[in-house]
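Source file data10.txt; content: compact mmCIF, C-alpha atoms.
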```txt
# COMPACT_ATOMS: atom_id res chain seq x y z
CA MET Z 1 24.61 -16.74 -86.88
CA ARG Z 2 23.22 -20.24 -86.34
CA PRO Z 3 19.68 -20.68 -87.77
CA LEU Z 4 16.99 -20.64 -85.09
CA PHE Z 5 15.39 -23.94 -84.13
CA THR Z 6 11.65 -24.64 -84.26
CA LEU Z 7 9.70 -25.04 -81.05
CA ASN Z 8 7.52 -28.10 -80.64
CA ASN Z 9 3.76 -27.49 -80.60
CA ARG Z 10 3.56 -27.57 -76.82
CA LEU Z 11 6.05 -24.75 -76.30
CA GLN Z 12 4.86 -22.90 -79.40
CA LEU Z 13 1.42 -22.64 -77.81
CA CYS Z 14 2.96 -20.92 -74.79
CA ALA Z 15 5.08 -18.66 -76.99
CA GLU Z 16 1.99 -17.43 -78.83
CA MET Z 17 0.42 -16.27 -75.56
CA VAL Z 18 3.38 -14.14 -74.51
CA ARG Z 19 2.97 -10.43 -75.25
CA LYS Z 20 5.25 -9.08 -77.93
CA GLY Z 21 7.97 -6.83 -76.54
CA SER Z 22 7.54 -8.05 -72.97
CA ARG Z 23 10.18 -9.26 -70.54
CA ILE Z 24 9.54 -12.82 -69.43
CA ALA Z 25 10.41 -15.31 -66.72
CA ASP Z 26 10.29 -18.95 -67.78
CA ILE Z 27 9.87 -20.99 -64.60
CA GLY Z 28 11.13 -24.55 -64.86
CA THR Z 29 12.97 -23.66 -68.04
CA ASP Z 30 14.87 -26.95 -68.44
CA HIS Z 31 16.93 -26.44 -71.65
CA ALA Z 32 15.85 -22.77 -72.02
CA TYR Z 33 14.35 -23.45 -75.44
CA LEU Z 34 11.36 -21.17 -74.93
CA PRO Z 35 13.23 -18.05 -73.71
CA VAL Z 36 15.98 -18.44 -76.31
CA TRP Z 37 13.46 -18.84 -79.10
CA LEU Z 38 11.43 -15.83 -77.93
CA VAL Z 39 14.40 -13.46 -77.77
CA ARG Z 40 16.04 -14.70 -80.96
CA ALA Z 41 12.74 -14.47 -82.87
CA GLY Z 42 12.36 -10.90 -81.65
CA PHE Z 43 9.18 -11.48 -79.66
CA VAL Z 44 10.51 -10.46 -76.25
CA SER Z 45 13.17 -8.01 -75.16
CA PHE Z 46 14.56 -9.98 -72.21
CA ALA Z 47 14.09 -13.39 -70.59
CA LEU Z 48 14.90 -15.02 -67.27
CA ALA Z 49 15.40 -18.77 -67.58
CA CYS Z 50 14.72 -20.11 -64.09
CA ASP Z 51 14.94 -23.60 -62.64
CA ILE Z 52 15.15 -25.14 -59.20
CA LYS Z 53 17.90 -27.56 -60.28
CA ALA Z 54 21.43 -26.81 -61.43
CA GLU Z 55 21.63 -29.44 -64.19
CA PRO Z 56 18.73 -28.07 -66.29
CA LEU Z 57 20.24 -24.60 -65.99
CA LYS Z 58 23.57 -25.95 -67.19
CA ALA Z 59 21.80 -27.34 -70.25
CA GLY Z 60 19.99 -24.02 -70.61
CA ARG Z 61 23.25 -22.09 -70.65
CA LEU Z 62 24.49 -24.32 -73.46
CA THR Z 63 21.37 -23.46 -75.49
CA ILE Z 64 21.82 -19.77 -74.75
CA SER Z 65 25.45 -19.87 -75.84
CA LYS Z 66 24.77 -22.02 -78.90
CA TYR Z 67 22.26 -19.49 -80.23
CA HIS Z 68 24.15 -16.37 -79.08
CA ALA Z 69 21.43 -15.12 -76.77
CA GLU Z 70 23.67 -14.22 -73.81
CA ASP Z 71 22.83 -10.53 -74.05
CA LYS Z 72 19.09 -11.11 -73.60
CA VAL Z 73 18.66 -14.35 -71.64
CA GLU Z 74 19.80 -14.73 -68.03
CA THR Z 75 19.70 -18.00 -66.09
CA ARG Z 76 18.72 -18.08 -62.46
CA LEU Z 77 18.76 -20.92 -59.95
CA CYS Z 78 15.63 -20.43 -57.88
CA ASP Z 79 12.61 -22.17 -56.41
CA GLY Z 80 9.59 -21.01 -58.40
CA LEU Z 81 9.40 -17.21 -58.39
CA ARG Z 82 11.13 -16.70 -55.04
CA ASP Z 83 14.18 -14.95 -56.52
CA VAL Z 84 12.42 -13.13 -59.36
CA ARG Z 85 11.83 -9.44 -58.69
CA PRO Z 86 8.53 -7.87 -59.83
CA GLN Z 87 10.27 -5.08 -61.72
CA GLU Z 88 12.29 -7.54 -63.82
CA VAL Z 89 9.50 -9.16 -65.82
CA ASP Z 90 6.10 -8.56 -67.36
CA ASP Z 91 4.98 -12.05 -68.43
CA ILE Z 92 5.51 -15.22 -66.41
CA VAL Z 93 5.48 -18.63 -68.10
CA ILE Z 94 5.05 -21.78 -66.00
CA ALA Z 95 4.83 -24.85 -68.21
CA GLY Z 96 5.46 -28.57 -67.84
CA MET Z 97 4.46 -28.89 -64.17
CA GLY Z 98 1.52 -30.39 -62.33
CA GLY Z 99 -1.37 -28.13 -61.38
CA GLU Z 100 -0.70 -28.39 -57.65
CA THR Z 101 2.91 -27.26 -58.14
CA ILE Z 102 1.82 -24.32 -60.28
CA VAL Z 103 -0.70 -23.21 -57.64
CA HIS Z 104 2.01 -23.44 -54.98
CA ILE Z 105 4.38 -21.27 -57.03
CA LEU Z 106 1.70 -18.67 -57.71
CA SER Z 107 0.60 -18.56 -54.08
CA GLU Z 108 4.11 -17.60 -52.97
CA ALA Z 109 4.31 -14.56 -55.28
CA SER Z 110 1.75 -11.99 -54.14
CA TRP Z 111 3.29 -9.44 -56.52
CA LEU Z 112 1.58 -11.25 -59.40
CA LYS Z 113 -1.61 -9.48 -58.32
CA ASP Z 114 -0.77 -6.64 -60.66
CA LYS Z 115 -2.90 -5.80 -63.70
CA SER Z 116 0.23 -5.15 -65.77
CA LYS Z 117 1.45 -8.75 -65.40
CA ARG Z 118 0.40 -11.72 -67.54
CA LEU Z 119 0.54 -15.38 -66.60
CA VAL Z 120 0.99 -18.08 -69.23
CA LEU Z 121 0.34 -21.45 -67.65
CA GLN Z 122 0.49 -24.97 -69.03
CA PRO Z 123 -0.37 -27.58 -66.37
CA MET Z 124 0.49 -31.18 -67.13
CA SER Z 125 -2.22 -32.35 -64.73
CA LYS Z 126 -5.07 -30.97 -62.61
CA HIS Z 127 -5.59 -27.87 -64.73
CA GLU Z 128 -8.93 -27.46 -62.96
CA LEU Z 129 -7.13 -26.66 -59.69
CA VAL Z 130 -5.17 -23.88 -61.38
CA ILE Z 131 -8.26 -22.31 -62.97
CA ALA Z 132 -10.18 -22.45 -59.67
CA TYR Z 133 -7.24 -20.85 -57.84
CA LEU Z 134 -6.88 -18.05 -60.38
CA TYR Z 135 -10.49 -16.94 -60.07
CA GLU Z 136 -10.51 -17.24 -56.28
CA GLN Z 137 -7.48 -14.91 -56.21
CA GLY Z 138 -8.91 -12.27 -58.54
CA PHE Z 139 -7.43 -13.39 -61.86
CA GLU Z 140 -9.32 -14.06 -65.08
CA LEU Z 141 -8.50 -16.23 -68.08
CA THR Z 142 -7.81 -14.17 -71.20
CA GLU Z 143 -7.00 -16.99 -73.62
CA HIS Z 144 -7.33 -20.77 -73.48
CA ARG Z 145 -6.20 -23.14 -76.23
CA CYS Z 146 -5.02 -26.68 -76.86
CA THR Z 147 -2.50 -28.37 -79.11
CA VAL Z 148 -1.10 -31.79 -79.93
CA ALA Z 149 2.60 -32.58 -79.55
CA ASP Z 150 4.09 -36.03 -80.08
CA GLY Z 151 0.61 -37.51 -80.13
CA LYS Z 152 -0.39 -36.04 -76.77
CA ILE Z 153 -2.95 -33.31 -76.14
CA TYR Z 154 -1.94 -30.26 -74.07
CA THR Z 155 -3.76 -27.19 -72.86
CA ALA Z 156 -2.47 -23.74 -71.93
CA PHE Z 157 -4.08 -20.51 -70.82
CA SER Z 158 -3.13 -16.93 -70.12
CA ALA Z 159 -4.51 -14.95 -67.19
CA GLN Z 160 -4.34 -11.46 -65.76
CA TYR Z 161 -5.29 -9.93 -62.44
CA THR Z 162 -8.58 -8.05 -62.28
CA GLY Z 163 -9.11 -7.89 -58.52
CA ALA Z 164 -12.57 -9.46 -58.85
CA GLU Z 165 -12.28 -12.53 -56.65
CA LYS Z 166 -15.00 -15.07 -57.39
CA ALA Z 167 -15.72 -18.76 -57.21
CA VAL Z 168 -16.43 -20.43 -60.54
CA ASP Z 169 -18.39 -23.64 -60.96
CA GLU Z 170 -16.60 -26.95 -61.32
CA VAL Z 171 -17.58 -27.36 -64.95
CA PHE Z 172 -15.83 -24.10 -65.86
CA CYS Z 173 -12.73 -25.22 -63.97
CA TYR Z 174 -12.53 -28.29 -66.20
CA VAL Z 175 -13.29 -26.67 -69.58
CA GLY Z 176 -12.42 -22.99 -69.09
CA LEU Z 177 -12.75 -21.02 -72.33
CA LEU Z 178 -12.42 -24.05 -74.62
CA LYS Z 179 -14.78 -24.44 -77.56
CA ALA Z 180 -15.96 -27.80 -78.87
CA GLU Z 181 -15.84 -26.64 -82.51
CA ASP Z 182 -12.04 -26.40 -82.34
CA GLU Z 183 -10.57 -29.83 -83.08
CA ASN Z 184 -7.82 -29.64 -80.46
CA ASP Z 185 -10.14 -28.16 -77.83
CA ARG Z 186 -12.60 -30.94 -78.51
CA ARG Z 187 -9.89 -33.56 -78.15
CA PHE Z 188 -8.83 -32.12 -74.80
CA ILE Z 189 -12.43 -31.99 -73.57
CA LEU Z 190 -12.90 -35.65 -74.51
CA SER Z 191 -9.69 -36.50 -72.65
CA THR Z 192 -11.02 -34.62 -69.62
CA LEU Z 193 -14.31 -36.53 -69.84
CA ASN Z 194 -12.41 -39.81 -69.88
CA HIS Z 195 -10.56 -38.71 -66.75
CA LEU Z 196 -13.81 -37.73 -65.02
CA ASP Z 197 -15.46 -41.02 -65.97
CA LYS Z 198 -12.63 -42.92 -64.30
CA LYS Z 199 -12.90 -40.79 -61.15
CA SER Z 200 -16.67 -41.31 -61.08
CA LYS Z 201 -16.16 -44.97 -60.22
CA ALA Z 202 -15.01 -43.86 -56.78
CA ASP Z 203 -17.16 -40.72 -56.54
CA PRO Z 204 -20.39 -40.32 -58.59
CA HIS Z 205 -20.08 -36.55 -58.33
CA PHE Z 206 -17.45 -36.57 -61.07
CA GLY Z 207 -19.87 -38.44 -63.29
CA GLU Z 208 -22.38 -35.63 -62.78
CA ILE Z 209 -19.78 -33.07 -63.88
CA ALA Z 210 -18.97 -35.18 -66.94
CA GLU Z 211 -22.65 -35.38 -67.89
CA ILE Z 212 -23.03 -31.59 -67.71
CA ILE Z 213 -19.99 -31.15 -69.94
CA ARG Z 214 -21.33 -33.69 -72.45
CA GLU Z 215 -24.65 -31.86 -72.62
CA ARG Z 216 -23.03 -28.43 -72.92
CA PHE Z 217 -20.80 -29.47 -75.83
CA SER Z 218 -23.13 -32.08 -77.37
CA LEU Z 219 -20.54 -34.83 -76.90
```
Take the structure I supplied and represent it as structure tokens, if you would.
Amino acid sequence: MRPLFTLNNRLQLCAEMVRKGSRIADIGTDHAYLPVWLVRAGFVSFALACDIKAEPLKAGRLTISKYHAEDKVETRLCDGLRDVRPQEVDDIVIAGMGGETIVHILSEASWLKDKSKRLVLQPMSKHELVIAYLYEQGFELTEHRCTVADGKIYTAFSAQYTGAEKAVDEVFCYVGLLKAEDENDRRFILSTLNHLDKKSKADPHFGEIAEIIRERFSL
């Protein structure tokens, strides 16, 4: 059998947050690298590789065939989670999309409000919108980490439903569970501060948030 490829750091971060033995849906799968790697490495028992476009799924099927994962990875053409049934999967991965898109996908799948499900999310932008949405809807972050891939810093977090809906302050939405003593976390926080500083030129409120974060993490 063909040797298994290595995931890049960005996808590896998501893979490490998936529960061992679970069944997953990878939304926006593109080339299906993550689901193929997870099943071939023995971390998950089944994977749905989903995408809204036919071309990425075609590429995904090539990856599935190349690494002989046809018995455990199924492709599905669908918009977000619309054609994924609750009983099919345990963990849902949504990576490589903007925060607004991720919130939209989550908002259309009320069945995610189930304490047995886990979300693994990796927003490419506006992660603060995703974190705010999760807590407003009764979810809670269970893990939050960062990594560097191809010279760029990424963040990802896992979340599960608790039923305790609550509003969290803006500072938490920007930094979540990150810790300044971790090098990658610190790099992401600094990147976030740079983003807030730029936004503060139009709205001083973002400068106030940045100052609180600097004080909290001694940056």
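With atom CA of Ala59 of chain Z on one side and atom CA of Pro86 of chain Z on the other, the separation reads 25.8 Å.
Residues in contact with Asp30 of chain Z at up to 10 Å, not including ones fewer than 4 positions away on its chain and judged by only C-alpha atoms, are Asp26, Leu34, Ala49, Cys50, Asp51, Ile52, Lys53, Ala54, Glu55, Pro56, Leu57, Lys58, Ala59, Gly60, Arg61 and Gly96 of chain Z.
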Between Z:His127, Z:Ala32, Z:Leu38, Z:Ala25, which is the closest to Arg85 of chain Z once you count all atoms listed in the file?
-> Z:Ala25
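Closest approach to Asp185 of chain Z among Z:Leu4, Z:Ala132, Z:Val171, Z:Ile153: Z:Ile153, based on all atoms listed in the file.
Put simply, atom CA of Arg145 of chain Z is 7.9 Å away from atom CA of Leu177 of chain Z.
Counting from atom CA of Thr162 of chain Z, the distance to atom CA of Glu16 of chain Z is 21.8 Å.
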Mind listing as an mmCIF file with C-alpha atoms, in the coordinates of the input all residues within 12 Å of (5.3, -14.4, -53.2), counting all atoms listed in the file?
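Heads up, here's the output in point-v8.cif:
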```cif
data_model
loop_
_atom_site.group_PDB
_atom_site.id
_atom_site.type_symbol
_atom_site.label_atom_id
_atom_site.label_comp_id
_atom_site.auth_asym_id
_atom_site.auth_seq_id
_atom_site.Cartn_x
_atom_site.Cartn_y
_atom_site.Cartn_z
ATOM 1 C CA ASP Z 79 12.610 -22.170 -56.410
ATOM 2 C CA GLY Z 80 9.590 -21.010 -58.400
ATOM 3 C CA LEU Z 81 9.400 -17.210 -58.390
ATOM 4 C CA ARG Z 82 11.130 -16.700 -55.040
ATOM 5 C CA ASP Z 83 14.180 -14.950 -56.520
ATOM 6 C CA VAL Z 84 12.420 -13.130 -59.360
ATOM 7 C CA ARG Z 85 11.830 -9.440 -58.690
ATOM 8 C CA PRO Z 86 8.530 -7.870 -59.830
ATOM 9 C CA VAL Z 103 -0.700 -23.210 -57.640
ATOM 10 C CA HIS Z 104 2.010 -23.440 -54.980
ATOM 11 C CA ILE Z 105 4.380 -21.270 -57.030
ATOM 12 C CA LEU Z 106 1.700 -18.670 -57.710
ATOM 13 C CA SER Z 107 0.600 -18.560 -54.080
ATOM 14 C CA GLU Z 108 4.110 -17.600 -52.970
ATOM 15 C CA ALA Z 109 4.310 -14.560 -55.280
ATOM 16 C CA SER Z 110 1.750 -11.990 -54.140
ATOM 17 C CA TRP Z 111 3.290 -9.440 -56.520
ATOM 18 C CA LEU Z 112 1.580 -11.250 -59.400
ATOM 19 C CA LYS Z 113 -1.610 -9.480 -58.320
#
```
If we count only C-alpha atoms, what is near Tyr154 of chain Z at a cut-off of 8 Å, once residues fewer than 6 positions away on the same chain are taken out, given as a PyMOL selection string?
-> chain Z and resi 10+122+124+146-148+188
Just the residues within 9 Å of Gln137 of chain Z, please, counting all atoms listed in the file, with nothing from its chain fewer than 2 positions along; format it as a PDB file with C-alpha atoms, in the frame of the given file.
```
ATOM      1  CA  LYS Z 113      -1.610  -9.480 -58.320  1.00  0.00           C
ATOM      2  CA  ALA Z 132     -10.180 -22.450 -59.670  1.00  0.00           C
ATOM      3  CA  TYR Z 133      -7.240 -20.850 -57.840  1.00  0.00           C
ATOM      4  CA  LEU Z 134      -6.880 -18.050 -60.380  1.00  0.00           C
ATOM      5  CA  TYR Z 135     -10.490 -16.940 -60.070  1.00  0.00           C
ATOM      6  CA  PHE Z 139      -7.430 -13.390 -61.860  1.00  0.00           C
ATOM      7  CA  TYR Z 161      -5.290  -9.930 -62.440  1.00  0.00           C
ATOM      8  CA  GLY Z 163      -9.110  -7.890 -58.520  1.00  0.00           C
ATOM      9  CA  ALA Z 164     -12.570  -9.460 -58.850  1.00  0.00           C
ATOM     10  CA  GLU Z 165     -12.280 -12.530 -56.650  1.00  0.00           C
ATOM     11  CA  LYS Z 166     -15.000 -15.070 -57.390  1.00  0.00           C
TER      12      LYS Z 166
END
```
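The closest residue to Ile209 of chain Z, picked from Z:Lys179, Z:His195, Z:Arg2, Z:Lys126 and counting all atoms listed in the file, is Z:His195.
Here the residues that fall within 12 Å of (18.1, -24.3, -87.4), using all atoms listed in the file, are given as Met1, Arg2, Pro3, Leu4, Phe5, Thr6, Leu7, Trp37, Arg40, Lys66 and Tyr67 of chain Z.
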Applying 7 Å and all atoms listed in the file, which residues near Cys173 of chain Z remain after dropping the ones on its own chain fewer than 5 positions away? List them as a PDB file with C-alpha atoms, in the frame of the given file.
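In the end it all went to selection21.pdb:
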```
ATOM      1  CA  GLU Z 128      -8.930 -27.460 -62.960  1.00  0.00           C
ATOM      2  CA  ILE Z 131      -8.260 -22.310 -62.970  1.00  0.00           C
ATOM      3  CA  ALA Z 132     -10.180 -22.450 -59.670  1.00  0.00           C
ATOM      4  CA  VAL Z 168     -16.430 -20.430 -60.540  1.00  0.00           C
TER       5      VAL Z 168
END
```
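Using only C-alpha atoms, the smallest distance between any of Z:Asn9, Z:Ser22, Z:Thr142, Z:Ser65 and Gln160 of chain Z comes from Z:Thr142.
Here the question is which of Z:Ala180, Z:Leu62, Z:Val73, Z:Ala202 gets nearest to Glu215 of chain Z using all atoms listed in the file, and that residue is Z:Ala180.
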